[in-house]
Structures are given as structure tokens and as C-alpha cells.
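A.B. asks: Handing you a structure now.
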Amino acid sequence: MAKIVCLVEAKDRNELENYVSKALGLLDLKLNKKVRTVVIKPNLCYYWSAATGYTTDPRLVEATVNVLRENYGQHLDIKIAEADASAMRTKHAFQMLGYTKLAEDKGIDLVNLSTDPIEETKVTVNGLELSYQIPKLLVEADLFLNMPKLKVMSEVTITCALKNLFGAMAYPRKLEYHPHLNEAIIGICTILRPHLTIVDGLVALGRVPSRLNLIMAGEDPFSIDWTAAQIMGYNPSKIKFLRIAIKEGLLDPKSITVLGENIEKFAKIFPRNNYLTSRIAYGLQLSLLKIYNRVISDSISKAFEES
């Protein structure tokens, strides 16, 4: 069965609803009209705005909410959900990145997955047993929508649909998974299976942030990442977690069909990363993050809490 990945050019930020509708039209998504509950998982891994290329643009999320309500009714119970991370607290990210205002304007709820009910789950990937705290909200939603960012990450080369699902894990100390991060990414993606992925490539992050004007959409997050890797200038068959996905029978590159714009249109303008420089930068960031965790015990400072 073909795995469809749609690429849509989105130059005008005032027309985001039309671009999202176009992407879903190309995808020919067949969702049950009885959808009542929707959970959207953006990428809010840091406190940096979407203009930096690090986090999902709330304007794209808002446009998606409007399109969903137009197609499935105003009755939809929509939640935006994110989990705490080693150096990020969801309640602050929601406020600082525009999601609190979005929730108020659209009458939707914001959920911290790290404080929501969870299920303890174990899986084995590449011969390694891994344990996860899985938020029940994501498993039980009628429509689970994954909305990652298109960007590079030195340790695993790229971060897009699959890595964003890793970020949905309730356990905040995700840094502890990094010695086996490739397996950990695939492991959680065998449990969390979104019905739809819409990628924010409006501003993508390579060597520098770049206005790529891209929206990607697809039902299969593995195929999304295979395509995203090519856009970012990488051979996806050399990316470890994608090789593991193939080995585990979760990804068949031959089944992927790209509709809409050509991959090359975006690949030629994506600011490709310098591997050596990025590894040095990542090592420095990781060292600082470890110091951060030791000094303040993985919590936001009291001064920040009171601000």
C-alpha cells in the first residue's frame, strides 16, 4: 500500500488555512466523521519562537484547528498537548510561545502530558528493551495529530515526525535515553501512532534558520521522516533510526509516493548543516544541559517560577 507524503509551498502566512486544506486534499484523508476528540502535539522543546526554526508555529496550529472544525464541526473537543523536557517546562512554553493566547482565542485546552494519566509500557527495539511512560490521552484520542518542526539534530542527524513523538513521552528526563536515542525514538513510535502528521517547515532549521515555506503532510510518520531527510540534504538510508525502522519492518521506502511539490524544490534552498561544526556545537550544548540538570535538579529556577 502506498504511503503518501504531500509537499505544499506556503508563501503567504495569511493563507495558511488554504495551504493546510490543500495538503489534506492531496492526501485524500479519510477520517471518520464521528471524530469528537482531537489532540495536537506540536514541538515546543525550547522557549525559542517558531522564527528560530526550533518550535512549531502557533499560526499553523491555529490554521489546522480552523480547517478541522470546518470539516468535522465546531463541536470538536481539541487539546494541544506537550510534555516537559530536561530543560523545558510545558507551562512556561505554552505562555511564552503564544499557545496560551491561541487556546483562549479558539476555546481549546492545553495539556501537560507529564502530569496527565499514563501507562507504563515496555518494547524491544534492535535487541534493546526500553520502558516508557505513555500519556493515555494520545492513545485514546479519536484524532491524534502530530505537528513537528523540520530541523537538524546533531546526535541523530534530523528531527521531525518521529523525534516529536519521542518528545510526547511523559517522563521529563529524556536526556537519560540519549545513550540509545535512535532505538528510543523508534521504540516509542511503535506505541504512539498518530493518525496524521503535519510538518511545520515554514521556517526550517539547518545550519541557520531558513524561510523554507513548506508544509508537509502524511499519515505515516516514518515516510514523513524519510522524505524530510532528503529535503535536508541527507541520504535517509544512512540515518540510524530510519535504518532501525526498516529492520523492524516499520518502514518501506519503496512504498513512499510524494505528491505536490518536488523534494528538490526545497532541498536546493535548505541551509545544509556542516557535520563537524554541528557535532562540536551539540557536544557543548549537551555538556551545559548536564550541568543545568545537576545544579538545579531538572527544574526551573525559583526566580523564573515567580516571574
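Residues in the C-alpha cells are named by chain (A, B, ... in the order shown) and by number from 1 within that chain; ligands are numbered from 1 in the order shown.
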Taking the chain letters and numbering used in this document, name the residues of region 87-267 of chain A that DSSP puts in helix (DSSP H, G or I), as JSON, numbers by chain.
C.D. replies: {"A": [90, 91, 92, 93, 94, 95, 96, 99, 100, 101, 102, 103, 104, 105, 106, 136, 137, 138, 139, 140, 161, 162, 163, 164, 165, 166, 174, 175, 176, 177, 178, 179, 180, 181, 182, 183, 184, 185, 186, 187, 188, 189, 221, 222, 223, 224, 225, 226, 227, 228, 229, 230, 231, 236, 237, 238, 240, 241, 242, 243, 244, 245, 246, 247, 253, 254, 255, 263, 264, 265, 266, 267]}
A.B. asks: May I have the selected residues written with C-alpha atoms, as an mmCIF file, in the first residue's frame?
C.D. replies:
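Now in again_2.cif:
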data_model
loop_
_atom_site.group_PDB
_atom_site.id
_atom_site.type_symbol
_atom_site.label_atom_id
_atom_site.label_comp_id
_atom_site.auth_asym_id
_atom_site.auth_seq_id
_atom_site.Cartn_x
_atom_site.Cartn_y
_atom_site.Cartn_z
ATOM 1 C CA THR A 90 5.458 22.992 29.346
ATOM 2 C CA LYS A 91 3.511 25.582 31.320
ATOM 3 C CA HIS A 92 6.139 28.198 30.517
ATOM 4 C CA ALA A 93 6.478 27.152 26.877
ATOM 5 C CA PHE A 94 2.727 27.473 26.326
ATOM 6 C CA GLN A 95 2.789 31.005 27.721
ATOM 7 C CA MET A 96 5.981 32.197 26.044
ATOM 8 C CA TYR A 99 -0.175 28.865 22.825
ATOM 9 C CA THR A 100 -1.956 30.232 25.889
ATOM 10 C CA LYS A 101 -3.425 33.013 23.766
ATOM 11 C CA LEU A 102 -4.264 30.569 20.976
ATOM 12 C CA ALA A 103 -6.130 28.348 23.431
ATOM 13 C CA GLU A 104 -8.093 31.300 24.799
ATOM 14 C CA ASP A 105 -8.964 32.593 21.332
ATOM 15 C CA LYS A 106 -10.078 29.205 19.999
ATOM 16 C CA LYS A 136 -3.257 7.857 27.789
ATOM 17 C CA LEU A 137 -4.638 10.997 26.145
ATOM 18 C CA LEU A 138 -2.645 10.355 22.959
ATOM 19 C CA VAL A 139 -3.699 6.718 22.718
ATOM 20 C CA GLU A 140 -7.395 7.363 23.344
ATOM 21 C CA ALA A 161 7.841 13.441 12.905
ATOM 22 C CA LEU A 162 9.411 10.542 14.825
ATOM 23 C CA LYS A 163 11.523 12.600 17.216
ATOM 24 C CA ASN A 164 8.485 14.751 18.053
ATOM 25 C CA LEU A 165 6.680 11.612 19.196
ATOM 26 C CA PHE A 166 9.642 10.795 21.439
ATOM 27 C CA LYS A 174 14.515 12.477 28.332
ATOM 28 C CA LEU A 175 18.248 13.077 28.437
ATOM 29 C CA GLU A 176 18.563 9.670 30.127
ATOM 30 C CA TYR A 177 17.507 7.985 26.862
ATOM 31 C CA HIS A 178 20.234 9.650 24.817
ATOM 32 C CA PRO A 179 22.810 6.811 25.069
ATOM 33 C CA HIS A 180 20.316 4.776 22.984
ATOM 34 C CA LEU A 181 18.402 7.642 21.409
ATOM 35 C CA ASN A 182 17.938 6.052 17.968
ATOM 36 C CA GLU A 183 16.344 2.936 19.474
ATOM 37 C CA ALA A 184 14.340 5.073 21.911
ATOM 38 C CA ILE A 185 12.857 7.121 19.068
ATOM 39 C CA ILE A 186 11.722 4.026 17.180
ATOM 40 C CA GLY A 187 10.521 2.316 20.348
ATOM 41 C CA ILE A 188 8.022 4.980 21.287
ATOM 42 C CA CYS A 189 6.858 5.211 17.681
ATOM 43 C CA PRO A 221 5.422 9.385 10.278
ATOM 44 C CA PHE A 222 8.180 7.024 9.107
ATOM 45 C CA SER A 223 7.605 8.038 5.491
ATOM 46 C CA ILE A 224 7.488 11.689 6.524
ATOM 47 C CA ASP A 225 10.953 11.436 8.069
ATOM 48 C CA TRP A 226 12.382 9.551 5.074
ATOM 49 C CA THR A 227 11.216 12.412 2.848
ATOM 50 C CA ALA A 228 12.273 15.113 5.321
ATOM 51 C CA ALA A 229 15.813 13.733 5.383
ATOM 52 C CA GLN A 230 16.085 14.189 1.621
ATOM 53 C CA ILE A 231 14.816 17.757 1.863
ATOM 54 C CA PRO A 236 17.929 8.720 4.608
ATOM 55 C CA SER A 237 19.345 5.214 4.353
ATOM 56 C CA LYS A 238 22.355 6.434 6.358
ATOM 57 C CA LYS A 240 20.431 5.226 12.023
ATOM 58 C CA PHE A 241 16.903 5.416 13.398
ATOM 59 C CA LEU A 242 15.462 5.106 9.881
ATOM 60 C CA ARG A 243 17.636 2.037 9.259
ATOM 61 C CA ILE A 244 16.311 0.572 12.510
ATOM 62 C CA ALA A 245 12.743 1.314 11.375
ATOM 63 C CA ILE A 246 13.374 -0.647 8.160
ATOM 64 C CA LYS A 247 14.918 -3.517 10.120
ATOM 65 C CA PRO A 253 10.973 3.312 1.339
ATOM 66 C CA LYS A 254 9.711 1.752 -1.910
ATOM 67 C CA SER A 255 6.131 2.364 -0.821
ATOM 68 C CA ILE A 263 11.574 17.382 -2.991
ATOM 69 C CA GLU A 264 14.316 19.123 -4.995
ATOM 70 C CA LYS A 265 12.494 22.456 -4.871
ATOM 71 C CA PHE A 266 13.034 22.674 -1.119
ATOM 72 C CA ALA A 267 16.268 20.668 -0.927
#
A.B. asks: Excluding same-chain residues fewer than 3 positions from Tyr132 (chain A), what lies within 9 Å of it counting only C-alpha atoms, as a list in words?
C.D. replies: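 My reading of the contact set: Glu119, Glu120, Thr121, Lys122, Val123, Met169, Ala170, Tyr171, Gly187 and Ile188 of chain A.
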A.B. asks: So, counting only C-alpha atoms, which residue among A:Val35, A:Ala85, A:Ala10, A:Leu29 is closest to Tyr47 (chain A)?
C.D. replies: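 Ranking A:Val35, A:Ala85, A:Ala10, A:Leu29 by distance to Tyr47 (chain A), first place goes to A:Ala85.
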A.B. asks: How many Å separate CA of Cys45 (chain A) from CA of Leu143 (chain A)?
C.D. replies: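 Taking CA of Cys45 (chain A) and CA of Leu143 (chain A), their separation equals 22.3 Å.
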A.B. asks: Near region 149-157 of chain A, counting only C-alpha atoms, which residues have an atom at most 8 Å away, once you skip same-chain residues fewer than 3 positions from it, shown as a list in words?
C.D. replies: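 Selected residues are Pro42, Asn43, Gly53, Tyr54, Thr55, Thr56, Cys160, Ala161, Leu181, Asn182, Val199, Asp200, Gly201, Ala204, Leu205, Gly206, Ala228, Met232, Ile239, Lys240, Phe241, Asn273, Tyr275, Ser278, Arg279 and Tyr282 of chain A.
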A.B. asks: May I have the residues within 9 Å of Thr37 (chain A) as an MDAnalysis selection string, using only C-alpha atoms and disregarding those fewer than 3 positions away in the same chain?
C.D. replies: chainID A and resid 76:79 140:144
A.B. asks: Which residues, written as a VMD selection string, have at least one atom at most 12 Å from Gly73 (chain A), with only C-alpha atoms counted and residues fewer than 5 positions away on the same chain left out?
C.D. replies: chain A and resid 33 to 38 65 to 68 78
A.B. asks: Report the residues of region 20-132 of chain A whose backbone DSSP state falls under strand (DSSP E), written as an NGL selection string.
C.D. replies: :A and (37-42 or 77-82 or 109-112 or 118-125 or 128-132)
A.B. asks: Using the selection just defined, write its residues with N, CA and C atoms as a PDB file, in the first residue's frame.
C.D. replies:
ATOM      1  N   THR A  37     -12.876  13.908  19.629  1.00  0.00           N
ATOM      2  CA  THR A  37     -11.730  14.391  20.396  1.00  0.00           C
ATOM      3  C   THR A  37     -10.484  14.449  19.515  1.00  0.00           C
ATOM      4  N   VAL A  38      -9.794  15.575  19.568  1.00  0.00           N
ATOM      5  CA  VAL A  38      -8.576  15.790  18.786  1.00  0.00           C
ATOM      6  C   VAL A  38      -7.470  16.230  19.739  1.00  0.00           C
ATOM      7  N   VAL A  39      -6.312  15.594  19.618  1.00  0.00           N
ATOM      8  CA  VAL A  39      -5.140  16.007  20.389  1.00  0.00           C
ATOM      9  C   VAL A  39      -4.029  16.367  19.411  1.00  0.00           C
ATOM     10  N   ILE A  40      -3.508  17.580  19.539  1.00  0.00           N
ATOM     11  CA  ILE A  40      -2.434  18.072  18.675  1.00  0.00           C
ATOM     12  C   ILE A  40      -1.150  18.148  19.486  1.00  0.00           C
ATOM     13  N   LYS A  41      -0.101  17.491  18.980  1.00  0.00           N
ATOM     14  CA  LYS A  41       1.215  17.521  19.646  1.00  0.00           C
ATOM     15  C   LYS A  41       2.182  18.345  18.792  1.00  0.00           C
ATOM     16  N   PRO A  42       2.402  19.613  19.164  1.00  0.00           N
ATOM     17  CA  PRO A  42       3.415  20.427  18.471  1.00  0.00           C
ATOM     18  C   PRO A  42       4.807  20.109  19.012  1.00  0.00           C
ATOM     19  N   ASP A  77     -13.739  18.572  20.413  1.00  0.00           N
ATOM     20  CA  ASP A  77     -13.012  18.798  21.654  1.00  0.00           C
ATOM     21  C   ASP A  77     -11.526  18.711  21.313  1.00  0.00           C
ATOM     22  N   ILE A  78     -10.874  19.877  21.179  1.00  0.00           N
ATOM     23  CA  ILE A  78      -9.488  19.933  20.727  1.00  0.00           C
ATOM     24  C   ILE A  78      -8.568  20.296  21.886  1.00  0.00           C
ATOM     25  N   LYS A  79      -7.495  19.531  22.010  1.00  0.00           N
ATOM     26  CA  LYS A  79      -6.481  19.801  23.021  1.00  0.00           C
ATOM     27  C   LYS A  79      -5.119  19.916  22.351  1.00  0.00           C
ATOM     28  N   ILE A  80      -4.307  20.836  22.844  1.00  0.00           N
ATOM     29  CA  ILE A  80      -2.906  20.929  22.441  1.00  0.00           C
ATOM     30  C   ILE A  80      -2.084  20.383  23.591  1.00  0.00           C
ATOM     31  N   ALA A  81      -1.235  19.406  23.300  1.00  0.00           N
ATOM     32  CA  ALA A  81      -0.538  18.694  24.368  1.00  0.00           C
ATOM     33  C   ALA A  81       0.965  18.677  24.123  1.00  0.00           C
ATOM     34  N   GLU A  82       1.714  18.879  25.201  1.00  0.00           N
ATOM     35  CA  GLU A  82       3.168  18.787  25.167  1.00  0.00           C
ATOM     36  C   GLU A  82       3.630  18.247  26.513  1.00  0.00           C
ATOM     37  N   ASP A 109      -8.175  23.415  24.932  1.00  0.00           N
ATOM     38  CA  ASP A 109      -7.452  23.155  26.170  1.00  0.00           C
ATOM     39  C   ASP A 109      -5.971  22.912  25.918  1.00  0.00           C
ATOM     40  N   LEU A 110      -5.165  23.273  26.904  1.00  0.00           N
ATOM     41  CA  LEU A 110      -3.738  22.979  26.891  1.00  0.00           C
ATOM     42  C   LEU A 110      -3.471  21.909  27.938  1.00  0.00           C
ATOM     43  N   VAL A 111      -2.689  20.896  27.559  1.00  0.00           N
ATOM     44  CA  VAL A 111      -2.448  19.757  28.452  1.00  0.00           C
ATOM     45  C   VAL A 111      -0.947  19.521  28.597  1.00  0.00           C
ATOM     46  N   ASN A 112      -0.511  19.363  29.840  1.00  0.00           N
ATOM     47  CA  ASN A 112       0.857  18.940  30.117  1.00  0.00           C
ATOM     48  C   ASN A 112       0.855  17.419  30.231  1.00  0.00           C
ATOM     49  N   ILE A 118      -0.962   8.177  32.776  1.00  0.00           N
ATOM     50  CA  ILE A 118      -0.025   7.482  31.898  1.00  0.00           C
ATOM     51  C   ILE A 118      -0.188   5.968  31.982  1.00  0.00           C
ATOM     52  N   GLU A 119       0.389   5.288  31.011  1.00  0.00           N
ATOM     53  CA  GLU A 119       0.526   3.839  31.030  1.00  0.00           C
ATOM     54  C   GLU A 119       2.009   3.499  30.927  1.00  0.00           C
ATOM     55  N   GLU A 120       2.492   2.614  31.780  1.00  0.00           N
ATOM     56  CA  GLU A 120       3.868   2.146  31.686  1.00  0.00           C
ATOM     57  C   GLU A 120       3.932   1.047  30.631  1.00  0.00           C
ATOM     58  N   THR A 121       4.794   1.218  29.639  1.00  0.00           N
ATOM     59  CA  THR A 121       4.873   0.278  28.529  1.00  0.00           C
ATOM     60  C   THR A 121       6.325  -0.060  28.224  1.00  0.00           C
ATOM     61  N   LYS A 122       6.573  -1.334  27.897  1.00  0.00           N
ATOM     62  CA  LYS A 122       7.909  -1.780  27.508  1.00  0.00           C
ATOM     63  C   LYS A 122       7.875  -2.337  26.094  1.00  0.00           C
ATOM     64  N   VAL A 123       8.914  -2.039  25.331  1.00  0.00           N
ATOM     65  CA  VAL A 123       9.060  -2.596  23.988  1.00  0.00           C
ATOM     66  C   VAL A 123      10.528  -2.975  23.790  1.00  0.00           C
ATOM     67  N   THR A 124      10.769  -3.834  22.823  1.00  0.00           N
ATOM     68  CA  THR A 124      12.131  -4.209  22.477  1.00  0.00           C
ATOM     69  C   THR A 124      12.419  -3.754  21.058  1.00  0.00           C
ATOM     70  N   VAL A 125      13.481  -2.987  20.888  1.00  0.00           N
ATOM     71  CA  VAL A 125      13.878  -2.456  19.585  1.00  0.00           C
ATOM     72  C   VAL A 125      15.357  -2.732  19.374  1.00  0.00           C
ATOM     73  N   LEU A 128      17.138  -4.181  22.203  1.00  0.00           N
ATOM     74  CA  LEU A 128      17.223  -3.414  23.446  1.00  0.00           C
ATOM     75  C   LEU A 128      15.826  -3.212  24.029  1.00  0.00           C
ATOM     76  N   GLU A 129      15.639  -3.590  25.309  1.00  0.00           N
ATOM     77  CA  GLU A 129      14.349  -3.374  25.965  1.00  0.00           C
ATOM     78  C   GLU A 129      14.291  -1.965  26.538  1.00  0.00           C
ATOM     79  N   LEU A 130      13.208  -1.262  26.234  1.00  0.00           N
ATOM     80  CA  LEU A 130      13.034   0.119  26.665  1.00  0.00           C
ATOM     81  C   LEU A 130      11.691   0.292  27.350  1.00  0.00           C
ATOM     82  N   SER A 131      11.659   1.120  28.385  1.00  0.00           N
ATOM     83  CA  SER A 131      10.433   1.414  29.125  1.00  0.00           C
ATOM     84  C   SER A 131      10.010   2.860  28.875  1.00  0.00           C
ATOM     85  N   TYR A 132       8.697   3.065  28.787  1.00  0.00           N
ATOM     86  CA  TYR A 132       8.164   4.398  28.514  1.00  0.00           C
ATOM     87  C   TYR A 132       6.956   4.688  29.400  1.00  0.00           C
TER      88      TYR A 132
END
A.B. asks: If we count only C-alpha atoms, what is near Val5 (chain A) at a cut-off of 6 Å, once residues fewer than 5 positions away on the same chain are taken out, given as a list in words?
C.D. replies: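 Surrounding residues, per the criterion: Ala217, Gly218 and Val258 of chain A.
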A.B. asks: Residues of the last selection are to be written out with C-alpha atoms, as a PDB file, in the first residue's frame.
C.D. replies:
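This went into selection.pdb:
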ATOM      1  CA  ALA A 217       1.501  16.129   5.447  1.00  0.00           C
ATOM      2  CA  GLY A 218       1.097  12.386   5.667  1.00  0.00           C
ATOM      3  CA  VAL A 258       5.451  12.191  -2.851  1.00  0.00           C
TER       4      VAL A 258
END
A.B. asks: Check the smallest atom-to-atom distance from each of A:Ala23, A:Ala168, A:Leu7, A:Ala63 to Leu44 (chain A) using only C-alpha atoms, then report the winner.
C.D. replies: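 Using only C-alpha atoms, Leu44 (chain A) sits closest to A:Ala168.
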